[in-house]
>>> print(open('model31.tsv').read())   # TSV, C-alpha atoms
chain	number	residue	atom	x	y	z
K	197	MET	CA	108.12	117.84	93.20
K	198	ASP	CA	107.43	120.04	90.17
K	199	ILE	CA	105.26	119.45	87.09
K	200	PHE	CA	108.17	118.17	84.99
K	201	GLN	CA	109.08	115.57	87.61
K	202	ALA	CA	105.43	114.57	88.00
K	203	VAL	CA	105.05	114.02	84.25
K	204	ILE	CA	108.28	111.98	84.07
K	205	LEU	CA	107.15	109.71	86.90
K	206	ALA	CA	103.68	109.35	85.35
K	207	ILE	CA	105.19	108.36	81.99
K	208	ILE	CA	107.38	105.78	83.73
K	209	GLU	CA	104.35	104.44	85.60
K	210	GLY	CA	102.22	104.21	82.47
K	211	LEU	CA	104.96	102.55	80.41
K	212	THR	CA	106.08	100.01	82.96
K	213	GLU	CA	103.06	99.10	85.12
K	214	TYR	CA	101.87	96.34	82.81
K	215	LEU	CA	105.25	95.33	81.40
K	216	PRO	CA	107.36	92.73	83.25
K	217	VAL	CA	110.03	95.28	84.14
K	218	SER	CA	108.75	96.71	87.48
K	219	SER	CA	107.10	100.12	87.52
K	220	THR	CA	107.91	100.68	91.21
K	221	GLY	CA	111.54	99.78	90.61
K	222	HIS	CA	111.82	102.21	87.71
K	223	MET	CA	110.22	105.03	89.67
K	224	ILE	CA	112.59	104.45	92.58
K	225	ILE	CA	115.58	104.57	90.24
K	226	VAL	CA	114.31	107.61	88.33
K	227	SER	CA	113.61	109.39	91.63
K	228	SER	CA	117.17	108.63	92.72
K	229	PHE	CA	118.73	110.01	89.52
K	230	PHE	CA	116.52	113.11	89.38
K	231	GLY	CA	116.96	113.84	93.07
K	232	ILE	CA	113.24	113.70	93.77
K	233	ALA	CA	112.98	113.80	97.53
K	234	GLN	CA	110.98	110.94	99.03
K	235	GLU	CA	108.68	113.14	101.09
K	236	ASP	CA	105.26	111.94	102.20
K	237	PHE	CA	103.53	113.55	99.23
K	238	THR	CA	106.01	112.05	96.75
K	239	LYS	CA	105.34	108.58	98.14
K	240	LEU	CA	101.60	109.25	97.93
K	241	PHE	CA	101.95	110.49	94.36
K	242	THR	CA	103.74	107.37	93.11
K	243	ILE	CA	100.88	105.22	94.43
K	244	VAL	CA	97.87	107.38	93.60
K	245	ILE	CA	98.83	107.83	89.93
K	246	GLN	CA	98.20	104.10	89.58
K	247	LEU	CA	94.52	105.06	89.42
K	248	GLY	CA	95.09	106.32	85.89
K	249	THR	CA	96.62	103.04	84.80
K	250	ILE	CA	93.77	101.13	86.49
K	251	ILE	CA	91.24	103.07	84.45
K	252	SER	CA	93.16	102.25	81.27
K	253	VAL	CA	92.58	98.52	81.86
K	254	VAL	CA	88.88	99.04	82.54
K	255	VAL	CA	88.53	101.09	79.35
K	256	LEU	CA	90.38	98.59	77.15
K	257	TYR	CA	88.61	95.54	78.61
K	258	PHE	CA	85.29	97.16	79.44
K	259	LYS	CA	83.11	94.25	78.31
K	260	ARG	CA	85.22	91.69	80.15
K	261	PHE	CA	84.63	93.49	83.44
K	262	PHE	CA	80.90	92.92	83.13
K	263	GLN	CA	80.85	89.34	81.93
K	264	SER	CA	79.87	87.45	85.12
K	265	MET	CA	80.04	87.45	88.92
K	266	ASP	CA	82.35	84.44	88.65
K	267	PHE	CA	84.95	86.77	87.13
K	268	TYR	CA	84.90	89.02	90.21
K	269	PHE	CA	85.06	86.10	92.64
K	270	LYS	CA	88.18	84.80	90.91
K	271	LEU	CA	89.79	88.24	91.06
K	272	PHE	CA	88.94	88.40	94.76
K	273	VAL	CA	90.52	84.99	95.39
K	274	ALA	CA	93.68	86.08	93.56
K	275	PHE	CA	93.71	89.36	95.49
K	276	ILE	CA	93.61	87.75	98.97
K	277	PRO	CA	97.33	86.81	99.27
K	278	ALA	CA	98.42	90.39	98.54
K	279	VAL	CA	96.07	91.75	101.20
K	280	VAL	CA	97.26	89.34	103.87
K	281	LEU	CA	100.99	89.60	103.19
K	282	GLY	CA	100.78	93.35	102.56
K	283	LEU	CA	99.30	93.93	106.01
K	284	LEU	CA	101.72	91.55	107.72
K	285	PHE	CA	104.89	92.94	106.13
K	286	SER	CA	103.99	96.57	105.43
K	287	ASN	CA	106.96	97.94	107.41
K	288	LEU	CA	109.44	95.66	105.66
K	289	ILE	CA	107.97	96.60	102.28
K	290	ASP	CA	108.35	100.31	103.06
K	291	THR	CA	112.00	99.70	103.98
K	292	LEU	CA	112.69	97.84	100.74
K	293	LEU	CA	111.05	100.65	98.76
K	294	GLU	CA	113.88	102.90	99.89
K	295	SER	CA	116.60	100.65	98.43
K	296	PRO	CA	117.58	101.26	94.78
K	297	LEU	CA	120.21	98.50	95.10
K	298	THR	CA	117.43	96.01	95.91
K	299	VAL	CA	115.75	97.12	92.69
K	300	ALA	CA	118.93	96.59	90.68
K	301	ILE	CA	119.46	93.06	91.99
K	302	SER	CA	115.79	92.16	91.48
K	303	LEU	CA	115.87	93.47	87.92
K	304	LEU	CA	118.96	91.39	87.17
K	305	LEU	CA	117.67	88.14	88.63
K	306	GLY	CA	114.22	88.60	87.12
K	307	GLY	CA	115.82	89.15	83.73
K	308	PHE	CA	117.35	85.69	83.77
K	309	VAL	CA	113.95	84.24	84.64
K	310	LEU	CA	112.32	85.98	81.67
K	311	LEU	CA	115.00	84.67	79.31
K	312	LYS	CA	113.95	81.11	80.15
K	313	VAL	CA	110.24	81.36	80.95
K	314	ASP	CA	109.13	80.77	77.34
K	315	THR	CA	110.93	77.42	77.28
K	316	TRP	CA	110.00	76.23	80.77
K	317	PHE	CA	106.40	75.48	79.92
K	318	GLY	CA	105.11	73.11	77.27
K	319	ASP	CA	102.77	73.66	74.37
K	320	ASP	CA	99.75	72.32	76.30
K	321	VAL	CA	98.31	75.74	77.15
K	322	HIS	CA	94.76	76.96	77.68
K	323	THR	CA	92.81	80.06	78.64
K	324	GLU	CA	90.54	78.73	81.41
K	325	ILE	CA	91.15	80.18	84.88
K	326	THR	CA	89.87	78.18	87.84
K	327	TYR	CA	89.68	79.37	91.43
K	328	ALA	CA	92.79	77.34	92.28
K	329	THR	CA	94.63	78.91	89.35
K	330	ALA	CA	93.56	82.39	90.44
K	331	PHE	CA	94.80	81.82	94.00
K	332	LYS	CA	98.19	80.54	92.81
K	333	ILE	CA	98.59	83.54	90.52
K	334	GLY	CA	97.82	85.72	93.54
K	335	LEU	CA	100.63	84.04	95.47
K	336	PHE	CA	103.08	84.74	92.64
K	337	GLN	CA	101.94	88.36	92.56
K	338	CYS	CA	103.12	88.75	96.17
K	339	LEU	CA	106.73	88.36	94.98
K	340	ALA	CA	106.36	91.89	93.61
K	341	MET	CA	106.38	93.23	97.16
K	342	ILE	CA	110.13	93.11	96.60
K	343	PRO	CA	110.87	96.26	94.55
K	344	GLY	CA	112.16	95.43	91.09
K	345	VAL	CA	110.44	92.05	90.81
K	346	SER	CA	107.46	93.39	88.78
K	347	ARG	CA	103.85	92.73	89.73
K	348	SER	CA	102.81	92.03	86.17
K	349	GLY	CA	105.84	89.85	85.51
K	350	ALA	CA	105.35	87.76	88.63
K	351	SER	CA	101.63	87.24	88.02
K	352	ILE	CA	102.12	86.45	84.32
K	353	VAL	CA	104.77	83.86	85.13
K	354	GLY	CA	102.43	82.53	87.82
K	355	GLY	CA	99.72	82.10	85.21
K	356	MET	CA	102.09	80.32	82.85
K	357	THR	CA	103.04	77.86	85.59
K	358	GLN	CA	99.34	76.93	85.56
K	359	LYS	CA	99.49	76.24	81.81
K	360	LEU	CA	97.83	79.48	80.77
K	361	SER	CA	98.81	80.91	77.41
K	362	ARG	CA	101.00	84.01	77.48
K	363	THR	CA	98.09	86.20	76.40
K	364	ALA	CA	95.62	84.73	78.89
K	365	ALA	CA	98.15	85.05	81.72
K	366	ALA	CA	98.94	88.65	80.78
K	367	GLU	CA	95.29	89.68	80.55
K	368	PHE	CA	94.45	88.15	83.93
K	369	SER	CA	97.46	90.01	85.33
K	370	PHE	CA	95.96	93.24	83.98
K	371	PHE	CA	92.60	92.47	85.57
K	372	LEU	CA	94.21	91.56	88.88
K	373	ALA	CA	96.02	94.89	88.88
K	374	VAL	CA	92.71	96.72	89.34
K	375	PRO	CA	91.80	95.51	92.88
K	376	THR	CA	95.46	95.22	93.88
K	377	MET	CA	96.46	98.76	92.94
K	378	LEU	CA	93.13	100.21	94.02
K	379	GLY	CA	93.61	98.63	97.44
K	380	ALA	CA	97.17	99.97	97.67
K	381	THR	CA	95.97	103.44	96.67
K	382	VAL	CA	93.18	103.50	99.25
K	383	LYS	CA	95.51	102.29	102.01
K	384	LYS	CA	98.22	104.79	101.11
K	385	GLY	CA	95.71	107.63	101.01
K	386	TYR	CA	94.24	106.60	104.35
K	387	ASP	CA	97.68	106.39	105.97
K	388	TYR	CA	98.65	109.76	104.53
K	389	PHE	CA	95.65	111.64	105.88
K	390	GLU	CA	95.58	109.64	109.12
K	391	ALA	CA	99.12	110.89	109.81
K	392	GLY	CA	97.93	114.47	109.38
K	393	GLY	CA	98.86	114.93	105.74
K	394	THR	CA	97.11	117.59	103.67
K	395	LEU	CA	97.00	118.46	99.97
K	396	SER	CA	97.59	121.93	98.58
K	397	GLY	CA	96.02	123.11	95.35
K	398	ASP	CA	99.32	122.57	93.51
K	399	GLN	CA	99.62	119.03	94.84
K	400	ILE	CA	96.07	118.18	93.74
K	401	ASN	CA	96.96	119.48	90.27
K	402	LEU	CA	100.05	117.26	90.21
K	403	LEU	CA	97.92	114.22	91.09
K	404	ILE	CA	95.46	115.04	88.32
K	405	ILE	CA	98.23	115.53	85.75
K	406	GLY	CA	99.96	112.35	86.87
K	407	ASN	CA	96.81	110.26	86.52
K	408	VAL	CA	95.92	111.66	83.09
K	409	VAL	CA	99.43	111.09	81.74
K	410	GLY	CA	99.61	107.61	83.29
K	411	PHE	CA	96.24	106.70	81.79
K	412	LEU	CA	97.16	107.75	78.25
K	413	VAL	CA	100.59	106.12	78.29
K	414	ALA	CA	99.24	102.89	79.82
K	415	LEU	CA	96.61	102.59	77.07
K	416	LEU	CA	99.34	102.54	74.44
K	417	ALA	CA	101.64	100.30	76.48
K	418	ILE	CA	99.01	97.61	77.09
K	419	LYS	CA	97.91	97.39	73.46
K	420	THR	CA	101.51	97.24	72.24
K	421	PHE	CA	102.59	94.73	74.89
K	422	ILE	CA	99.83	92.19	74.19
K	423	GLY	CA	100.54	92.25	70.47
K	424	TYR	CA	104.27	91.86	70.98
K	425	LEU	CA	104.00	89.22	73.69
K	426	SER	CA	101.75	86.90	71.69
K	427	LYS	CA	104.27	86.85	68.84
K	428	HIS	CA	107.68	87.14	70.45
K	429	GLY	CA	107.55	86.20	74.12
K	430	PHE	CA	109.57	87.61	77.01
K	431	LYS	CA	113.22	87.54	75.91
K	432	ILE	CA	113.53	91.22	75.04
K	433	PHE	CA	112.27	92.14	78.51
K	434	GLY	CA	114.74	89.71	80.05
K	435	TYR	CA	117.66	91.28	78.21
K	436	TYR	CA	116.44	94.75	79.15
K	437	ARG	CA	116.21	93.87	82.84
K	438	ILE	CA	119.68	92.31	82.84
K	439	PHE	CA	121.20	95.33	81.11
K	440	VAL	CA	119.56	97.84	83.47
K	441	GLY	CA	120.33	95.73	86.54
K	442	ILE	CA	124.04	95.41	85.67
K	443	ALA	CA	124.27	99.11	84.77
K	444	LEU	CA	122.73	100.14	88.09
K	445	ILE	CA	125.00	97.87	90.10
K	446	ILE	CA	128.07	99.28	88.30
K	447	ILE	CA	126.89	102.83	88.91
K	448	HIS	CA	126.19	102.05	92.58
K	449	TYR	CA	129.63	100.59	93.31
K	450	PHE	CA	131.90	102.47	90.89
K	451	VAL	CA	130.28	105.86	90.16
K	452	ARG	CA	128.09	106.93	93.07
K	453	PRO	CA	125.91	105.03	95.55
K	454	LEU	CA	122.28	104.91	94.56
K	455	SER	CA	120.10	106.31	97.29
K	456	ILE	CA	116.70	107.79	97.96
K	457	ILE	CA	116.91	111.34	99.25
>>> encode(input="model31.tsv", output="structure tokens")
Amino acid sequence: MDIFQAVILAIIEGLTEYLPVSSTGHMIIVSSFFGIAQEDFTKLFTIVIQLGTIISVVVLYFKRFFQSMDFYFKLFVAFIPAVVLGLLFSNLIDTLLESPLTVAISLLLGGFVLLKVDTWFGDDVHTEITYATAFKIGLFQCLAMIPGVSRSGASIVGGMTQKLSRTAAAEFSFFLAVPTMLGATVKKGYDYFEAGGTLSGDQINLLIIGNVVGFLVALLAIKTFIGYLSKHGFKIFGYYRIFVGIALIIIHYFVRPLSII
């Protein structure tokens, strides 16, 4: 991986992590098109640069992260399902992460969901998040273990099933990303070094660049997304997912098979 490829992946991560379009799915597809080999460091890079996007949420919602202990307990409750299922199905998840076709199908199906999600739930919405609500959102988040589903999309939809407003559901999804992605980063780093992996000076520089770029892009993406979502809903993201999903399936079957090197 060179600096150009690192910056491209970081931009994709920053743009898509908090949008309901699947950051992991986009990075898998971009890696396939750019011929970025899925070596151990590349896999580590795509996870570790999430730290930059985590920091962007903390910066934007700094006061909210210090409002009460109840806030942290609810995040912990929502985080539990991802921990349990992630440990149980880690091998299956790694296998799915190597399948661009899985991403394409997930993008397509998820697009149809987003076209309808604004009309599935009534006008009786609120902003209060109970422990039961937090846990159910955490269960929805686990759907994102399938590449292309979108962690933010699944958790936002999960919040809306509990009668949360679009904005409240999106913001809780952002908050939930912090322990979820931090946990994934720590585990990936541990596995990498446990298996004997090392980091050269150039690789450390790539991680730093990736995190800085991801942080800056995510700041802009979050602020833009919340403003757009509160006014217009999810349809544009649904159409985008359907278009990309169909395009990838056509490319896979009629141009060249999508694959991870």
>>> residues_around(input="model31.tsv", residues="segment 368-381 of chain K", least_positions_apart="2", cutoff="7 Å", atoms="all atoms listed in the file", output="PyMOL selection string")
chain K and resi 214+243-244+246-247+250+253+271+275+348+351-352+364-366+383-385
>>> atom_distance(input="model31.tsv", atom1="atom CA of Ile422 of chain K", atom2="atom CA of Pro277 of chain K")
25.8 Å
>>> closest_residue(input="model31.tsv", among="K:Gln201, K:Gln263, K:Ser302, K:Gln337", to="Thr242 of chain K", atoms="only C-alpha atoms")
K:Gln201
>>> closest_residue(input="model31.tsv", among="K:His428, K:Arg437, K:Lys270, K:Lys419", to="Leu256 of chain K", atoms="only C-alpha atoms")
K:Lys419
>>> closest_residue(input="model31.tsv", among="K:Leu403, K:Leu335, K:Ile251, K:Val345", to="Met197 of chain K", atoms="only C-alpha atoms")
K:Leu403
>>> closest_residue(input="model31.tsv", among="K:Leu339, K:Val313, K:Val226, K:Leu395", to="Thr357 of chain K", atoms="all atoms listed in the file")
K:Val313
>>> atom_distance(input="model31.tsv", atom1="atom CA of Asn401 of chain K", atom2="atom CA of Thr420 of chain K")
29.0 Å
>>> closest_residue(input="model31.tsv", among="K:Gly248, K:Phe237, K:Ile445, K:Ser218", to="Ala414 of chain K", atoms="all atoms listed in the file")
K:Gly248
>>> atom_distance(input="model31.tsv", atom1="atom CA of Val203 of chain K", atom2="atom CA of Gly410 of chain K")
8.5 Å
>>> closest_residue(input="model31.tsv", among="K:Thr212, K:Ser264, K:Thr298, K:Thr238", to="Leu444 of chain K", atoms="only C-alpha atoms")
K:Thr298
>>> axis_aligned_box(input="model31.tsv", around="segment 423-440 of chain K", padding_each_side="3 Å", output="AutoDock Vina command-line options")
--center_x 110.9 --center_y 92.0 --center_z 76.2 --size_x 26.7 --size_y 17.6 --size_z 20.6
>>> build_atoms(input="model31.tsv", residues="segment 430-451 of chain K", atoms="N, CA and C atoms", output="tab-separated table (two decimals), in the coordinates of the input")
chain	number	residue	atom	x	y	z
K	430	PHE	N	109.03	86.74	75.96
K	430	PHE	CA	109.57	87.61	77.01
K	430	PHE	C	111.05	87.97	76.88
K	431	LYS	N	111.75	87.41	75.91
K	431	LYS	CA	113.22	87.54	75.91
K	431	LYS	C	113.70	88.99	75.90
K	432	ILE	N	113.07	89.84	75.11
K	432	ILE	CA	113.53	91.22	75.04
K	432	ILE	C	113.43	91.91	76.40
K	433	PHE	N	112.42	91.55	77.17
K	433	PHE	CA	112.27	92.14	78.51
K	433	PHE	C	113.32	91.58	79.46
K	434	GLY	N	113.68	90.31	79.25
K	434	GLY	CA	114.74	89.71	80.05
K	434	GLY	C	116.06	90.40	79.81
K	435	TYR	N	116.41	90.61	78.54
K	435	TYR	CA	117.66	91.28	78.21
K	435	TYR	C	117.67	92.71	78.74
K	436	TYR	N	116.53	93.38	78.65
K	436	TYR	CA	116.44	94.75	79.15
K	436	TYR	C	116.68	94.80	80.65
K	437	ARG	N	116.04	93.89	81.38
K	437	ARG	CA	116.21	93.87	82.84
K	437	ARG	C	117.66	93.59	83.22
K	438	ILE	N	118.29	92.65	82.54
K	438	ILE	CA	119.68	92.31	82.84
K	438	ILE	C	120.58	93.51	82.58
K	439	PHE	N	120.38	94.16	81.45
K	439	PHE	CA	121.20	95.33	81.11
K	439	PHE	C	121.05	96.43	82.15
K	440	VAL	N	119.80	96.76	82.49
K	440	VAL	CA	119.56	97.84	83.47
K	440	VAL	C	120.09	97.44	84.84
K	441	GLY	N	119.86	96.19	85.24
K	441	GLY	CA	120.33	95.73	86.54
K	441	GLY	C	121.84	95.83	86.67
K	442	ILE	N	122.57	95.35	85.65
K	442	ILE	CA	124.04	95.41	85.67
K	442	ILE	C	124.51	96.86	85.68
K	443	ALA	N	123.89	97.70	84.84
K	443	ALA	CA	124.27	99.11	84.77
K	443	ALA	C	124.10	99.80	86.12
K	444	LEU	N	122.98	99.51	86.79
K	444	LEU	CA	122.73	100.14	88.09
K	444	LEU	C	123.71	99.67	89.15
K	445	ILE	N	124.04	98.39	89.13
K	445	ILE	CA	125.00	97.87	90.10
K	445	ILE	C	126.38	98.49	89.88
K	446	ILE	N	126.79	98.64	88.61
K	446	ILE	CA	128.07	99.28	88.30
K	446	ILE	C	128.07	100.72	88.77
K	447	ILE	N	126.99	101.43	88.48
K	447	ILE	CA	126.89	102.83	88.91
K	447	ILE	C	126.97	102.92	90.44
K	448	HIS	N	126.25	102.01	91.11
K	448	HIS	CA	126.19	102.05	92.58
K	448	HIS	C	127.58	101.86	93.20
K	449	TYR	N	128.36	100.94	92.67
K	449	TYR	CA	129.63	100.59	93.31
K	449	TYR	C	130.84	101.35	92.74
K	450	PHE	N	130.73	101.87	91.51
K	450	PHE	CA	131.90	102.47	90.89
K	450	PHE	C	131.73	103.95	90.50
K	451	VAL	N	130.50	104.45	90.51
K	451	VAL	CA	130.28	105.86	90.16
K	451	VAL	C	129.79	106.63	91.39
